[in-house]
Protein chains: 2
Amino acid sequence: MKYCSLCGQPVEWKIPEGDTLPRHVCIACRTVHYRNPVIVAGCVPERDGRILLCRRAIEPRSGFWTVPAGFLENGETLEAGAARETLEEAMARVDIGRLFAIANVVHARQVHIMFTARLLDEAYGAGHETLEAAMFDEDRIPWAEIAFPSVIFALRRYFEDRESGAQRLHLTAVERPASG
Amino acid sequence: MKYCSLCGQPVEWKIPEGDTLPRHVCIACRTVHYRNPVIVAGCVPERDGRILLCRRAIEPRSGFWTVPAGFLENGETLEAGAARETLEEAMARVDIGRLFAIANVVHARQVHIMFTARLLDEAYGAGHETLEAAMFDEDRIPWAEIAFPSVIFALRRYFEDRESGAQRLHLTAVERPASG
């Protein structure tokens, strides 16, 4: 950030009075511009025991697999965001279930929030940001080609809970992946 | 937003190519400026059965009571944010426990994420944004003077879980309060 988004004048990087961290502060209108982590909302869509994954068509991690997930928009709930992303990325309609996993992704300034989900029908496909969408049995999940540690975390916990019948919330902090 | 924060030129409000929602787009450098919901991280600090609340010194809802909570900062986990806010607002040190409540506060473009917490000692006080901090038994909680519906939700579920011994995650969407 170099300019004030309200008045167009330059910003400086300083600790505002009464604050504890440096922020972008406009030299003209004195507006303080905060930057905060963003929420990624997603889900693990299941039907007949199999999981719907998407192969990413965009960076980061283009070509790798993920569950449907993306940035929460203003005006929607977490559940609505997860369902919308599933429609956009995998062209699939879901019933959102239980919030079961949260990953602090500090290096990316993101918090990933994952729900269980039930695919409503057999329809799915590749949305704009997806190379292909496909259904996987648990023993066919391409673990080495999963895009993000938060997705590996969510899928592992998902299968553990499915096996045990547990209804836990799993919370973690994931590190920057070596390859991305 | 009226000006591009990167180049200082005016922005227009339009749907970028390949997108589905209008965004602020710079007329000069074409940067798309996204706005997304922010995370409020907080906790319910308990010691000897009593709960630490803060009476707000700032708007919105100045003069009303809340649990310690505030905007998650870049570079910190949800747990770290909740602990930092408790130190800043109530001058109190906590061990953060279980993530037990999440409230979609769609009208405010916020998601409130609440943890249980254990006060580490008897020390607490009024931080910059607080008029007073005080410990409350469950039957003395000033329900009519709680600042936000998300805090009422969190406190109600907290006491229910404490009574029953349950370890659930409570998820809700709260409406705009009538008075604020």
# chains A, B, ... in the order shown; residues from 1 in each chain; ligands from 1

$ interface_residues --of "chain A" --to "chain B" --cutoff "10 Å" --atoms "only C-alpha atoms" --output "PyMOL selection string"
chain A and resi 1-11+18-21+34-39+71-79+88+98-100+102-111+128-129+167-173

$ write_last_selection --atoms "N, CA and C atoms" --output "compact mmCIF listing (two decimals), in the first residue's frame"
# COMPACT_ATOMS: atom_id res chain seq x y z
N MET A 1 0.84 -1.21 0.00
CA MET A 1 0.00 0.00 0.00
C MET A 1 0.87 1.24 0.00
N LYS A 2 0.62 2.13 -0.96
CA LYS A 2 1.40 3.37 -1.07
C LYS A 2 0.53 4.61 -0.94
N TYR A 3 -0.75 4.48 -1.30
CA TYR A 3 -1.64 5.64 -1.32
C TYR A 3 -2.91 5.37 -0.52
N CYS A 4 -3.47 6.41 0.03
CA CYS A 4 -4.71 6.32 0.78
C CYS A 4 -5.86 6.01 -0.17
N SER A 5 -6.62 4.96 0.14
CA SER A 5 -7.72 4.55 -0.74
C SER A 5 -8.91 5.50 -0.63
N LEU A 6 -8.92 6.36 0.37
CA LEU A 6 -10.03 7.31 0.53
C LEU A 6 -9.75 8.65 -0.13
N CYS A 7 -8.49 9.16 -0.02
CA CYS A 7 -8.21 10.50 -0.54
C CYS A 7 -7.11 10.53 -1.60
N GLY A 8 -6.41 9.40 -1.81
CA GLY A 8 -5.41 9.33 -2.88
C GLY A 8 -4.05 9.91 -2.55
N GLN A 9 -3.88 10.42 -1.32
CA GLN A 9 -2.58 10.96 -0.92
C GLN A 9 -1.69 9.83 -0.39
N PRO A 10 -0.37 10.06 -0.29
CA PRO A 10 0.53 8.98 0.19
C PRO A 10 0.23 8.57 1.63
N VAL A 11 0.55 7.31 1.93
CA VAL A 11 0.46 6.82 3.30
C VAL A 11 1.87 6.67 3.87
N GLY A 18 -1.99 5.31 20.43
CA GLY A 18 -2.85 4.37 21.14
C GLY A 18 -2.82 2.97 20.58
N ASP A 19 -2.06 2.75 19.50
CA ASP A 19 -1.97 1.42 18.90
C ASP A 19 -0.65 0.78 19.32
N THR A 20 -0.47 -0.49 18.95
CA THR A 20 0.76 -1.19 19.33
C THR A 20 1.54 -1.68 18.11
N LEU A 21 0.93 -1.62 16.93
CA LEU A 21 1.59 -2.12 15.72
C LEU A 21 1.60 -1.04 14.65
N TYR A 34 -6.08 -0.70 8.09
CA TYR A 34 -5.74 -1.97 8.71
C TYR A 34 -5.69 -3.07 7.66
N ARG A 35 -4.80 -4.02 7.87
CA ARG A 35 -4.77 -5.24 7.06
C ARG A 35 -4.87 -6.42 8.01
N ASN A 36 -5.80 -7.31 7.73
CA ASN A 36 -6.06 -8.42 8.64
C ASN A 36 -6.12 -9.73 7.87
N PRO A 37 -5.95 -10.84 8.57
CA PRO A 37 -6.05 -12.16 7.90
C PRO A 37 -7.41 -12.35 7.24
N VAL A 38 -7.42 -13.12 6.18
CA VAL A 38 -8.67 -13.42 5.49
C VAL A 38 -9.07 -14.87 5.74
N ILE A 39 -10.35 -15.11 5.57
CA ILE A 39 -10.92 -16.44 5.82
C ILE A 39 -11.06 -17.19 4.51
N PHE A 71 -11.90 -17.72 -0.74
CA PHE A 71 -12.05 -16.58 0.16
C PHE A 71 -13.52 -16.29 0.45
N LEU A 72 -13.82 -16.17 1.74
CA LEU A 72 -15.16 -15.76 2.15
C LEU A 72 -15.43 -14.34 1.65
N GLU A 73 -16.61 -14.12 1.14
CA GLU A 73 -17.00 -12.80 0.63
C GLU A 73 -17.80 -12.04 1.68
N ASN A 74 -17.74 -10.71 1.60
CA ASN A 74 -18.65 -9.90 2.40
C ASN A 74 -20.09 -10.31 2.10
N GLY A 75 -20.92 -10.38 3.12
CA GLY A 75 -22.34 -10.64 2.92
C GLY A 75 -22.73 -12.10 2.99
N GLU A 76 -21.78 -12.99 3.23
CA GLU A 76 -22.16 -14.41 3.31
C GLU A 76 -21.62 -15.03 4.59
N THR A 77 -22.31 -16.09 5.03
CA THR A 77 -21.84 -16.87 6.18
C THR A 77 -20.73 -17.82 5.72
N LEU A 78 -20.05 -18.41 6.69
CA LEU A 78 -19.04 -19.42 6.39
C LEU A 78 -19.64 -20.57 5.59
N GLU A 79 -20.83 -21.01 6.00
CA GLU A 79 -21.48 -22.13 5.33
C GLU A 79 -21.83 -21.76 3.88
N GLU A 88 -18.67 -23.02 -7.62
CA GLU A 88 -17.79 -22.33 -8.56
C GLU A 88 -16.64 -23.22 -9.04
N ARG A 98 -21.15 -30.19 9.21
CA ARG A 98 -20.53 -29.79 10.47
C ARG A 98 -19.22 -29.06 10.21
N LEU A 99 -18.94 -28.00 10.96
CA LEU A 99 -17.62 -27.35 10.92
C LEU A 99 -16.68 -28.25 11.72
N PHE A 100 -15.69 -28.85 11.07
CA PHE A 100 -14.88 -29.87 11.76
C PHE A 100 -13.39 -29.56 11.80
N ILE A 102 -10.21 -26.34 11.52
CA ILE A 102 -9.73 -24.97 11.31
C ILE A 102 -8.21 -25.00 11.32
N ALA A 103 -7.61 -24.34 10.33
CA ALA A 103 -6.15 -24.25 10.27
C ALA A 103 -5.73 -22.79 10.24
N ASN A 104 -4.91 -22.40 11.21
CA ASN A 104 -4.24 -21.11 11.16
C ASN A 104 -3.12 -21.22 10.12
N VAL A 105 -3.20 -20.43 9.06
CA VAL A 105 -2.14 -20.43 8.05
C VAL A 105 -1.47 -19.06 8.12
N VAL A 106 -0.65 -18.91 9.17
CA VAL A 106 -0.16 -17.59 9.57
C VAL A 106 0.68 -16.96 8.47
N HIS A 107 1.55 -17.75 7.84
CA HIS A 107 2.45 -17.17 6.83
C HIS A 107 1.68 -16.59 5.65
N ALA A 108 0.51 -17.14 5.37
CA ALA A 108 -0.30 -16.66 4.25
C ALA A 108 -1.36 -15.65 4.70
N ARG A 109 -1.37 -15.34 6.01
CA ARG A 109 -2.36 -14.42 6.55
C ARG A 109 -3.78 -14.90 6.26
N GLN A 110 -3.99 -16.20 6.50
CA GLN A 110 -5.28 -16.82 6.25
C GLN A 110 -5.67 -17.72 7.41
N VAL A 111 -6.98 -17.89 7.58
CA VAL A 111 -7.53 -18.92 8.46
C VAL A 111 -8.46 -19.78 7.59
N HIS A 128 -14.04 -22.50 -13.42
CA HIS A 128 -13.01 -21.61 -13.99
C HIS A 128 -11.61 -21.88 -13.44
N GLU A 129 -11.53 -22.13 -12.15
CA GLU A 129 -10.22 -22.20 -11.49
C GLU A 129 -9.75 -23.64 -11.31
N GLN A 167 -17.10 -36.41 16.69
CA GLN A 167 -17.67 -35.14 16.19
C GLN A 167 -16.84 -33.98 16.73
N ARG A 168 -15.55 -34.11 16.61
CA ARG A 168 -14.65 -33.11 17.19
C ARG A 168 -14.42 -31.93 16.25
N LEU A 169 -13.95 -30.82 16.86
CA LEU A 169 -13.37 -29.72 16.07
C LEU A 169 -11.86 -29.87 16.14
N HIS A 170 -11.23 -29.90 14.99
CA HIS A 170 -9.78 -30.03 14.92
C HIS A 170 -9.17 -28.68 14.57
N LEU A 171 -8.25 -28.23 15.41
CA LEU A 171 -7.64 -26.91 15.23
C LEU A 171 -6.14 -27.08 15.15
N THR A 172 -5.52 -26.44 14.17
CA THR A 172 -4.07 -26.57 14.03
C THR A 172 -3.48 -25.28 13.48
N ALA A 173 -2.17 -25.22 13.50
CA ALA A 173 -1.44 -24.17 12.79
C ALA A 173 -0.52 -24.89 11.82

$ residues_around --residues "B:Arg50" --least-positions-apart "6" --cutoff "7 Å" --atoms "only C-alpha atoms" --output "VMD selection string"
chain B and resid 135 to 138

$ select_by_dssp --residues "chain B" --states "strand (DSSP E or B)" --output "PyMOL selection string"
chain B and resi 3+10-14+23-26+32-33+38-47+50-56+65-66+69-71+94-105+110-119+130-136+146+170-173

$ atom_distance --atom1 "atom CA of A:Phe115" --atom2 "atom CA of B:Val67"
26.6 Å

$ closest_residue --among "A:Glu175, A:Glu85, A:Glu122, A:Glu12" --to "A:Thr66" --atoms "only C-alpha atoms"
A:Glu85

$ closest_residue --among "A:Ile96, A:Leu155, A:Ala101, A:Ala90" --to "A:Ala123" --atoms "only C-alpha atoms"
A:Ala90

$ residues_around --residues "stretch 58-60 of chain A" --least-positions-apart "3" --cutoff "9 Å" --atoms "only C-alpha atoms" --output "ChimeraX atom specification"
/A:63,129-131,147,180

$ closest_residue --among "B:Ile146, B:Trp65, B:Pro45, B:Ile51" --to "B:Ala82" --atoms "only C-alpha atoms"
B:Pro45

$ closest_residue --among "B:Trp13, B:Arg157, B:Glu163, B:Val151" --to "B:Ile27" --atoms "only C-alpha atoms"
B:Trp13

$ select_by_dssp --residues "stretch 28-180 of chain B" --states "helix (DSSP H, G or I)" --output "PyMOL selection string"
chain B and resi 78-90+106-108+138-140+143-145+149-164

$ write_last_selection --atoms "C-alpha atoms" --output "compact mmCIF listing (two decimals), in the first residue's frame"
# COMPACT_ATOMS: atom_id res chain seq x y z
CA LEU B 78 -6.57 -17.33 16.53
CA GLU B 79 -5.38 -18.45 19.96
CA ALA B 80 -2.64 -15.81 20.06
CA GLY B 81 -5.10 -13.13 19.00
CA ALA B 82 -7.57 -14.06 21.73
CA ALA B 83 -4.81 -14.01 24.37
CA ARG B 84 -3.42 -10.68 23.13
CA GLU B 85 -6.83 -9.04 23.19
CA THR B 86 -7.34 -10.23 26.76
CA LEU B 87 -4.04 -8.65 27.77
CA GLU B 88 -4.83 -5.41 25.94
CA GLU B 89 -8.45 -4.98 27.00
CA ALA B 90 -8.47 -6.56 30.44
CA VAL B 106 -22.71 -10.92 8.29
CA HIS B 107 -24.02 -7.35 8.57
CA ALA B 108 -20.73 -6.26 10.18
CA GLU B 138 -22.98 -16.78 36.21
CA ASP B 139 -26.07 -15.44 38.02
CA ARG B 140 -24.64 -11.90 38.02
CA TRP B 143 -27.30 -9.87 30.23
CA ALA B 144 -29.22 -6.70 29.34
CA GLU B 145 -25.97 -4.77 29.10
CA PRO B 149 -25.45 -10.72 20.24
CA SER B 150 -22.38 -12.84 19.45
CA VAL B 151 -21.17 -12.35 23.05
CA ILE B 152 -24.57 -13.27 24.48
CA PHE B 153 -24.52 -16.37 22.28
CA ALA B 154 -21.00 -17.32 23.40
CA LEU B 155 -21.70 -16.79 27.10
CA ARG B 156 -24.99 -18.74 27.00
CA ARG B 157 -23.34 -21.70 25.25
CA TYR B 158 -20.33 -21.46 27.57
CA PHE B 159 -22.48 -21.83 30.67
CA GLU B 160 -24.54 -24.61 29.09
CA ASP B 161 -21.40 -26.56 28.24
CA ARG B 162 -19.94 -25.94 31.69
CA GLU B 163 -23.14 -27.31 33.24
CA SER B 164 -23.40 -30.36 30.99

$ atom_distance --atom1 "atom CA of B:Ser62" --atom2 "atom CA of B:Ala134"
15.9 Å

$ closest_residue --among "B:Val32, B:His24, B:Ala41, B:Pro142" --to "B:Ile113" --atoms "only C-alpha atoms"
B:Ala41

$ atom_distance --atom1 "atom CA of A:Phe148" --atom2 "atom CA of A:Arg118"
22.2 Å

$ decode --residues "stretch 76-121 of chain B" --atoms "N, CA and C atoms" --output "mmCIF file, in the first residue's frame"
data_model
loop_
_atom_site.group_PDB
_atom_site.id
_atom_site.type_symbol
_atom_site.label_atom_id
_atom_site.label_comp_id
_atom_site.auth_asym_id
_atom_site.auth_seq_id
_atom_site.Cartn_x
_atom_site.Cartn_y
_atom_site.Cartn_z
ATOM 1 N N GLU B 76 -0.497 -13.704 13.515
ATOM 2 C CA GLU B 76 -0.833 -14.425 14.740
ATOM 3 C C GLU B 76 -1.911 -15.473 14.481
ATOM 4 N N THR B 77 -1.926 -16.506 15.327
ATOM 5 C CA THR B 77 -2.982 -17.508 15.273
ATOM 6 C C THR B 77 -4.228 -16.969 15.991
ATOM 7 N N LEU B 78 -5.338 -17.676 15.820
ATOM 8 C CA LEU B 78 -6.571 -17.326 16.530
ATOM 9 C C LEU B 78 -6.342 -17.326 18.040
ATOM 10 N N GLU B 79 -5.643 -18.336 18.531
ATOM 11 C CA GLU B 79 -5.384 -18.453 19.959
ATOM 12 C C GLU B 79 -4.542 -17.269 20.455
ATOM 13 N N ALA B 80 -3.506 -16.930 19.686
ATOM 14 C CA ALA B 80 -2.637 -15.811 20.064
ATOM 15 C C ALA B 80 -3.413 -14.501 20.053
ATOM 16 N N GLY B 81 -4.295 -14.348 19.069
ATOM 17 C CA GLY B 81 -5.102 -13.134 18.999
ATOM 18 C C GLY B 81 -6.024 -12.989 20.201
ATOM 19 N N ALA B 82 -6.661 -14.093 20.575
ATOM 20 C CA ALA B 82 -7.575 -14.056 21.726
ATOM 21 C C ALA B 82 -6.808 -13.720 23.009
ATOM 22 N N ALA B 83 -5.616 -14.287 23.171
ATOM 23 C CA ALA B 83 -4.814 -14.012 24.371
ATOM 24 C C ALA B 83 -4.317 -12.558 24.372
ATOM 25 N N ARG B 84 -3.882 -12.065 23.223
ATOM 26 C CA ARG B 84 -3.424 -10.682 23.128
ATOM 27 C C ARG B 84 -4.539 -9.696 23.452
ATOM 28 N N GLU B 85 -5.719 -9.947 22.915
ATOM 29 C CA GLU B 85 -6.835 -9.043 23.186
ATOM 30 C C GLU B 85 -7.181 -9.024 24.678
ATOM 31 N N THR B 86 -7.049 -10.165 25.330
ATOM 32 C CA THR B 86 -7.336 -10.231 26.764
ATOM 33 C C THR B 86 -6.324 -9.407 27.553
ATOM 34 N N LEU B 87 -5.074 -9.457 27.123
ATOM 35 C CA LEU B 87 -4.040 -8.655 27.774
ATOM 36 C C LEU B 87 -4.283 -7.164 27.520
ATOM 37 N N GLU B 88 -4.644 -6.818 26.291
ATOM 38 C CA GLU B 88 -4.829 -5.405 25.945
ATOM 39 C C GLU B 88 -6.076 -4.814 26.594
ATOM 40 N N GLU B 89 -7.174 -5.549 26.549
ATOM 41 C CA GLU B 89 -8.450 -4.977 26.996
ATOM 42 C C GLU B 89 -8.688 -5.150 28.483
ATOM 43 N N ALA B 90 -8.184 -6.254 29.039
ATOM 44 C CA ALA B 90 -8.475 -6.559 30.445
ATOM 45 C C ALA B 90 -7.209 -6.698 31.277
ATOM 46 N N MET B 91 -6.035 -6.428 30.668
ATOM 47 C CA MET B 91 -4.761 -6.490 31.388
ATOM 48 C C MET B 91 -4.621 -7.810 32.139
ATOM 49 N N ALA B 92 -5.074 -8.877 31.502
ATOM 50 C CA ALA B 92 -5.095 -10.182 32.156
ATOM 51 C C ALA B 92 -4.410 -11.228 31.281
ATOM 52 N N ARG B 93 -3.735 -12.169 31.937
ATOM 53 C CA ARG B 93 -3.046 -13.241 31.233
ATOM 54 C C ARG B 93 -3.877 -14.513 31.315
ATOM 55 N N VAL B 94 -4.003 -15.188 30.169
ATOM 56 C CA VAL B 94 -4.848 -16.395 30.108
ATOM 57 C C VAL B 94 -4.126 -17.544 29.424
ATOM 58 N N ASP B 95 -4.518 -18.741 29.790
ATOM 59 C CA ASP B 95 -4.255 -19.937 28.987
ATOM 60 C C ASP B 95 -5.481 -20.148 28.113
ATOM 61 N N ILE B 96 -5.277 -20.123 26.799
ATOM 62 C CA ILE B 96 -6.403 -20.328 25.893
ATOM 63 C C ILE B 96 -6.742 -21.814 25.846
ATOM 64 N N GLY B 97 -8.037 -22.125 25.907
ATOM 65 C CA GLY B 97 -8.478 -23.511 25.908
ATOM 66 C C GLY B 97 -9.079 -23.933 24.581
ATOM 67 N N ARG B 98 -10.330 -24.301 24.614
ATOM 68 C CA ARG B 98 -11.028 -24.920 23.494
ATOM 69 C C ARG B 98 -11.757 -23.867 22.660
ATOM 70 N N LEU B 99 -11.731 -24.009 21.344
ATOM 71 C CA LEU B 99 -12.557 -23.177 20.470
ATOM 72 C C LEU B 99 -13.974 -23.720 20.561
ATOM 73 N N PHE B 100 -14.908 -22.926 21.093
ATOM 74 C CA PHE B 100 -16.233 -23.496 21.383
ATOM 75 C C PHE B 100 -17.382 -22.771 20.709
ATOM 76 N N ALA B 101 -17.140 -21.566 20.147
ATOM 77 C CA ALA B 101 -18.261 -20.844 19.533
ATOM 78 C C ALA B 101 -17.786 -19.995 18.367
ATOM 79 N N ILE B 102 -18.584 -20.004 17.302
ATOM 80 C CA ILE B 102 -18.327 -19.147 16.142
ATOM 81 C C ILE B 102 -19.640 -18.491 15.744
ATOM 82 N N ALA B 103 -19.579 -17.181 15.522
ATOM 83 C CA ALA B 103 -20.770 -16.446 15.089
ATOM 84 C C ALA B 103 -20.474 -15.728 13.774
ATOM 85 N N ASN B 104 -21.261 -16.036 12.757
ATOM 86 C CA ASN B 104 -21.257 -15.252 11.530
ATOM 87 C C ASN B 104 -21.980 -13.943 11.816
ATOM 88 N N VAL B 105 -21.267 -12.817 11.718
ATOM 89 C CA VAL B 105 -21.888 -11.512 11.926
ATOM 90 C C VAL B 105 -21.867 -10.800 10.572
ATOM 91 N N VAL B 106 -22.770 -11.269 9.708
ATOM 92 C CA VAL B 106 -22.711 -10.922 8.291
ATOM 93 C C VAL B 106 -22.858 -9.415 8.076
ATOM 94 N N HIS B 107 -23.777 -8.783 8.803
ATOM 95 C CA HIS B 107 -24.020 -7.349 8.574
ATOM 96 C C HIS B 107 -22.791 -6.514 8.894
ATOM 97 N N ALA B 108 -21.945 -6.995 9.806
ATOM 98 C CA ALA B 108 -20.730 -6.264 10.178
ATOM 99 C C ALA B 108 -19.508 -6.759 9.403
ATOM 100 N N ARG B 109 -19.713 -7.716 8.500
ATOM 101 C CA ARG B 109 -18.606 -8.302 7.747
ATOM 102 C C ARG B 109 -17.541 -8.867 8.683
ATOM 103 N N GLN B 110 -17.997 -9.611 9.685
ATOM 104 C CA GLN B 110 -17.097 -10.196 10.679
ATOM 105 C C GLN B 110 -17.490 -11.641 10.965
ATOM 106 N N VAL B 111 -16.498 -12.423 11.367
ATOM 107 C CA VAL B 111 -16.728 -13.740 11.944
ATOM 108 C C VAL B 111 -16.086 -13.726 13.325
ATOM 109 N N HIS B 112 -16.888 -14.000 14.355
ATOM 110 C CA HIS B 112 -16.411 -13.963 15.737
ATOM 111 C C HIS B 112 -16.084 -15.381 16.186
ATOM 112 N N ILE B 113 -14.870 -15.583 16.664
ATOM 113 C CA ILE B 113 -14.393 -16.915 17.035
ATOM 114 C C ILE B 113 -13.968 -16.883 18.501
ATOM 115 N N MET B 114 -14.612 -17.715 19.320
ATOM 116 C CA MET B 114 -14.473 -17.637 20.777
ATOM 117 C C MET B 114 -13.909 -18.915 21.382
ATOM 118 N N PHE B 115 -12.974 -18.732 22.294
ATOM 119 C CA PHE B 115 -12.322 -19.814 23.015
ATOM 120 C C PHE B 115 -12.721 -19.784 24.494
ATOM 121 N N THR B 116 -12.636 -20.940 25.131
ATOM 122 C CA THR B 116 -12.598 -20.946 26.587
ATOM 123 C C THR B 116 -11.208 -20.472 26.999
ATOM 124 N N ALA B 117 -11.073 -20.033 28.251
ATOM 125 C CA ALA B 117 -9.754 -19.604 28.734
ATOM 126 C C ALA B 117 -9.727 -19.676 30.253
ATOM 127 N N ARG B 118 -8.516 -19.814 30.779
ATOM 128 C CA ARG B 118 -8.305 -19.882 32.217
ATOM 129 C C ARG B 118 -7.441 -18.694 32.605
ATOM 130 N N LEU B 119 -7.946 -17.855 33.492
ATOM 131 C CA LEU B 119 -7.150 -16.728 33.993
ATOM 132 C C LEU B 119 -5.980 -17.279 34.806
ATOM 133 N N LEU B 120 -4.784 -16.792 34.494
ATOM 134 C CA LEU B 120 -3.595 -17.365 35.130
ATOM 135 C C LEU B 120 -3.367 -16.841 36.537
ATOM 136 N N ASP B 121 -3.878 -15.664 36.828
ATOM 137 C CA ASP B 121 -3.726 -15.122 38.186
ATOM 138 C C ASP B 121 -4.864 -14.140 38.460
#
